[in-house]
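Heads up, the thing below is written out as structure tokens.
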Amino acid sequence: MTVRRFLGAVSAVAATMIAGPLAAQEPELDFAISDDLFTVTVPEGFCEPEGEYAEIALQYATGDTRNVTPVDLQRCGTFEEDYILVKAPRGLDPVELPKAEFLAGLAEELKQANPIQSGEKRGYVDMRDETEGDRDIAIVKFGYRGSDDQCAYLGGELLVTFSDGRKEPVYVGSCGTLIGNRHLFVHSYARVASGATVESMKARSRAVSGMIAPK
């Protein structure tokens, strides 16, 4: 399927688009990672994509060769303008470590990682391939952004270049955490022009990670 549009803007504010591309979301959403079940409380104003948008979201998720994407939440009434993804590494066994110890190790790993050479770049190449060249995503500034008792953070700026030459700078803030015994990342995205910041995206990802619980 050729993707006709990615983000008219990846925005922290709901923009006016075609009315109702997404349906109202129930307060909680159940999902699975391998045999483990989880639930997430859906943040106010966010919905799961439906119809054509659900097909595109599935295309993106299927094309990610490194991660599974069990949760895709979009700002209600929009698609790819202000959104949250929950991902987990493909094929990773359950983690048998205390959370504090896991986060300390993850923080050290993220400090040492070069995102341009690692899975982050691979993920954006996957996205380009899945959209049949409709856009390319370049890492402008992206890397480790600290840790606390809930998350080890990544964040920075991406540049989306569309096939028509249009460019869109995007902020991302990600929380790597341990829920139950599964390593998850919560990613939040927003258009730079929206007024959002990397810090606000980090904060949203942290908040959403706290809304996830094993079932």
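Quick note on naming: the chains in the structure tokens go A, B, ... in the order shown, residues restart at 1 in each chain, and ligands are numbered from 1 in order of appearance.
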Excluding Tyr144 (chain A) and its own-chain neighbours fewer than 6 positions away, which residues fall within 6 Å of it when counting only C-alpha atoms? Please give them as a PyMOL selection string.
chain A and resi 110-111+153-154
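The residue set within 12 Å of Leu106 (chain A), counting only C-alpha atoms and dropping same-chain residues fewer than 3 places from it, reads Val95, Leu97, Lys99, Ala100, Glu101, Phe102, Leu103, Glu109, Leu110, Lys111, Gln112, Ala113, Tyr144, Gly146, Ser147, Asp148, Gln150, Cys151, Ala152, Tyr153, Leu154, Cys175, Gly176, Thr177, Leu178, His183, Leu184 and Phe185 of chain A.
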According to DSSP computed on the backbone, where in region 22-176 of chain A is there helix (DSSP H, G or I)? Give the residues as a ChimeraX atom specification.
/A:52-63,99-112,119-130
Within 6 Å of Lys202 (chain A), counting only C-alpha atoms, which residues qualify if same-chain residues fewer than 3 places away don't, as a list in words?
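Close residues of Lys202 (chain A): Gly173, Ser174, Glu199 and Ser205 of chain A.
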Show which residues sit within 7 Å of Ile137 (chain A), as a compact mmCIF listing (two decimals) with all heavy atoms, in the first residue's frame. Count only C-alpha atoms, and ignore same-chain residues fewer than 4 positions away.
```txt
# COMPACT_ATOMS: atom_id res chain seq x y z
N TYR A 124 14.20 3.88 11.09
CA TYR A 124 13.80 4.91 10.14
C TYR A 124 14.01 4.46 8.70
O TYR A 124 13.28 4.87 7.80
CB TYR A 124 14.51 6.22 10.46
CG TYR A 124 14.17 6.72 11.83
CD1 TYR A 124 15.14 7.13 12.73
CD2 TYR A 124 12.85 6.72 12.27
CE1 TYR A 124 14.81 7.55 14.01
CE2 TYR A 124 12.51 7.14 13.54
CZ TYR A 124 13.50 7.56 14.41
OH TYR A 124 13.16 7.95 15.68
N LEU A 158 14.21 14.92 14.85
CA LEU A 158 14.28 14.21 13.58
C LEU A 158 13.88 15.18 12.47
O LEU A 158 13.18 16.16 12.72
CB LEU A 158 13.31 13.02 13.57
CG LEU A 158 13.36 12.07 14.77
CD1 LEU A 158 12.27 11.01 14.64
CD2 LEU A 158 14.72 11.44 14.91
N LEU A 159 14.31 14.88 11.26
CA LEU A 159 13.90 15.67 10.11
C LEU A 159 13.26 14.75 9.08
O LEU A 159 13.91 13.83 8.57
CB LEU A 159 15.09 16.40 9.48
CG LEU A 159 14.74 17.29 8.28
CD1 LEU A 159 13.85 18.46 8.72
CD2 LEU A 159 16.01 17.83 7.61
N VAL A 160 11.99 14.99 8.83
CA VAL A 160 11.24 14.19 7.85
C VAL A 160 11.25 14.95 6.52
O VAL A 160 10.84 16.11 6.46
CB VAL A 160 9.79 13.97 8.30
CG1 VAL A 160 9.05 13.08 7.31
CG2 VAL A 160 9.75 13.35 9.70
N THR A 161 11.76 14.30 5.48
CA THR A 161 11.77 14.88 4.13
C THR A 161 10.83 14.07 3.25
O THR A 161 11.00 12.86 3.09
CB THR A 161 13.18 14.87 3.53
OG1 THR A 161 14.06 15.58 4.39
CG2 THR A 161 13.18 15.54 2.15
```
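Ranking A:Tyr60, A:Tyr83, A:Tyr53, A:Phe142 by their shortest atom-to-atom distance to Val208 (chain A), with only C-alpha atoms included, puts A:Tyr83 first.
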Residue among A:Gly180, A:Pro214, A:Pro98, A:Gly63 lying closest to Asp30 (chain A), counting only C-alpha atoms
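Between A:Gly180, A:Pro214, A:Pro98, A:Gly63, the residue approaching Asp30 (chain A) most closely is A:Pro214.
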What lies within 12 Å of Ala88 (chain A) using only C-alpha atoms, ignoring chain neighbours under 4 positions off, as a ChimeraX atom specification?
/A:31-34,36,61,64-71,92-94,175-179,181-187
Could you tell me how far CA of Gly165 (chain A) sits from CA of Ala57 (chain A), in Å to one decimal place?
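About the pair CA of Ala57 (chain A) and CA of Gly165 (chain A): they are 23.3 Å apart.
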If I take CA of Thr39 (chain A) and CA of Ala104 (chain A), how far is one from the other in Å, to one decimal?
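Separation of CA of Thr39 (chain A) and CA of Ala104 (chain A): 25.1 Å.
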Interatomic distance, CA of Glu157 (chain A) to CA of Thr41 (chain A) (Å, one decimal)
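These atoms are spaced 27.2 Å apart.
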For each of A:Ser163, A:Thr78, A:Ser194, A:Asn114, take the minimum atom-to-atom distance to Lys141 (chain A), counting only C-alpha atoms, then give the residue where this is smallest.
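With only C-alpha atoms as the atom set, the closest residue is A:Asn114.
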Would you pick out the contacts of Ser200 (chain A) at 10 Å or less, using only C-alpha atoms, so that residues sharing its chain but fewer than 5 positions from it are not included, and give the list as a ChimeraX atom specification?
/A:12,171-173,188-190,195,205-206
Just N, CA, C and O atoms for this one: save the residues we selected as an mmCIF file, in the first residue's frame.
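Okay, this is what ended up in out_3.cif:
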```cif
data_model
loop_
_atom_site.group_PDB
_atom_site.id
_atom_site.type_symbol
_atom_site.label_atom_id
_atom_site.label_comp_id
_atom_site.auth_asym_id
_atom_site.auth_seq_id
_atom_site.Cartn_x
_atom_site.Cartn_y
_atom_site.Cartn_z
ATOM 1 N N ALA A 12 1.692 18.530 18.780
ATOM 2 C CA ALA A 12 1.197 18.293 20.134
ATOM 3 C C ALA A 12 -0.192 18.883 20.308
ATOM 4 O O ALA A 12 -0.792 18.777 21.366
ATOM 5 N N TYR A 171 10.068 16.668 17.100
ATOM 6 C CA TYR A 171 10.656 16.311 18.382
ATOM 7 C C TYR A 171 10.156 14.939 18.825
ATOM 8 O O TYR A 171 8.991 14.596 18.605
ATOM 9 N N VAL A 172 11.033 14.198 19.472
ATOM 10 C CA VAL A 172 10.654 12.911 20.042
ATOM 11 C C VAL A 172 11.241 12.801 21.442
ATOM 12 O O VAL A 172 12.357 13.251 21.696
ATOM 13 N N GLY A 173 10.462 12.235 22.355
ATOM 14 C CA GLY A 173 10.926 11.934 23.697
ATOM 15 C C GLY A 173 10.488 10.530 24.061
ATOM 16 O O GLY A 173 9.302 10.200 23.930
ATOM 17 N N SER A 188 6.877 9.434 22.306
ATOM 18 C CA SER A 188 5.952 10.522 22.007
ATOM 19 C C SER A 188 6.585 11.434 20.962
ATOM 20 O O SER A 188 7.784 11.726 21.022
ATOM 21 N N TYR A 189 5.755 11.898 20.013
ATOM 22 C CA TYR A 189 6.237 12.702 18.890
ATOM 23 C C TYR A 189 5.449 14.001 18.782
ATOM 24 O O TYR A 189 4.246 14.019 19.048
ATOM 25 N N ALA A 190 6.123 15.072 18.357
ATOM 26 C CA ALA A 190 5.454 16.355 18.142
ATOM 27 C C ALA A 190 6.245 17.208 17.171
ATOM 28 O O ALA A 190 7.480 17.203 17.184
ATOM 29 N N GLY A 195 5.304 24.040 19.222
ATOM 30 C CA GLY A 195 5.649 24.603 20.519
ATOM 31 C C GLY A 195 5.989 23.547 21.549
ATOM 32 O O GLY A 195 6.392 23.881 22.672
ATOM 33 N N SER A 205 5.808 10.630 27.718
ATOM 34 C CA SER A 205 6.156 9.213 27.642
ATOM 35 C C SER A 205 6.277 8.606 29.035
ATOM 36 O O SER A 205 5.846 7.471 29.271
ATOM 37 N N ARG A 206 6.855 9.351 29.958
ATOM 38 C CA ARG A 206 6.955 8.858 31.333
ATOM 39 C C ARG A 206 5.568 8.650 31.922
ATOM 40 O O ARG A 206 5.302 7.627 32.572
#
```
From the DSSP assignment of the backbone, select every residue of region 38-212 of chain A that is strand (DSSP E), and format the answer as number ranges by chain.
A: 38-41, 46-47, 67-75, 83-89, 135-147, 152-162, 167-179, 182-191, 212
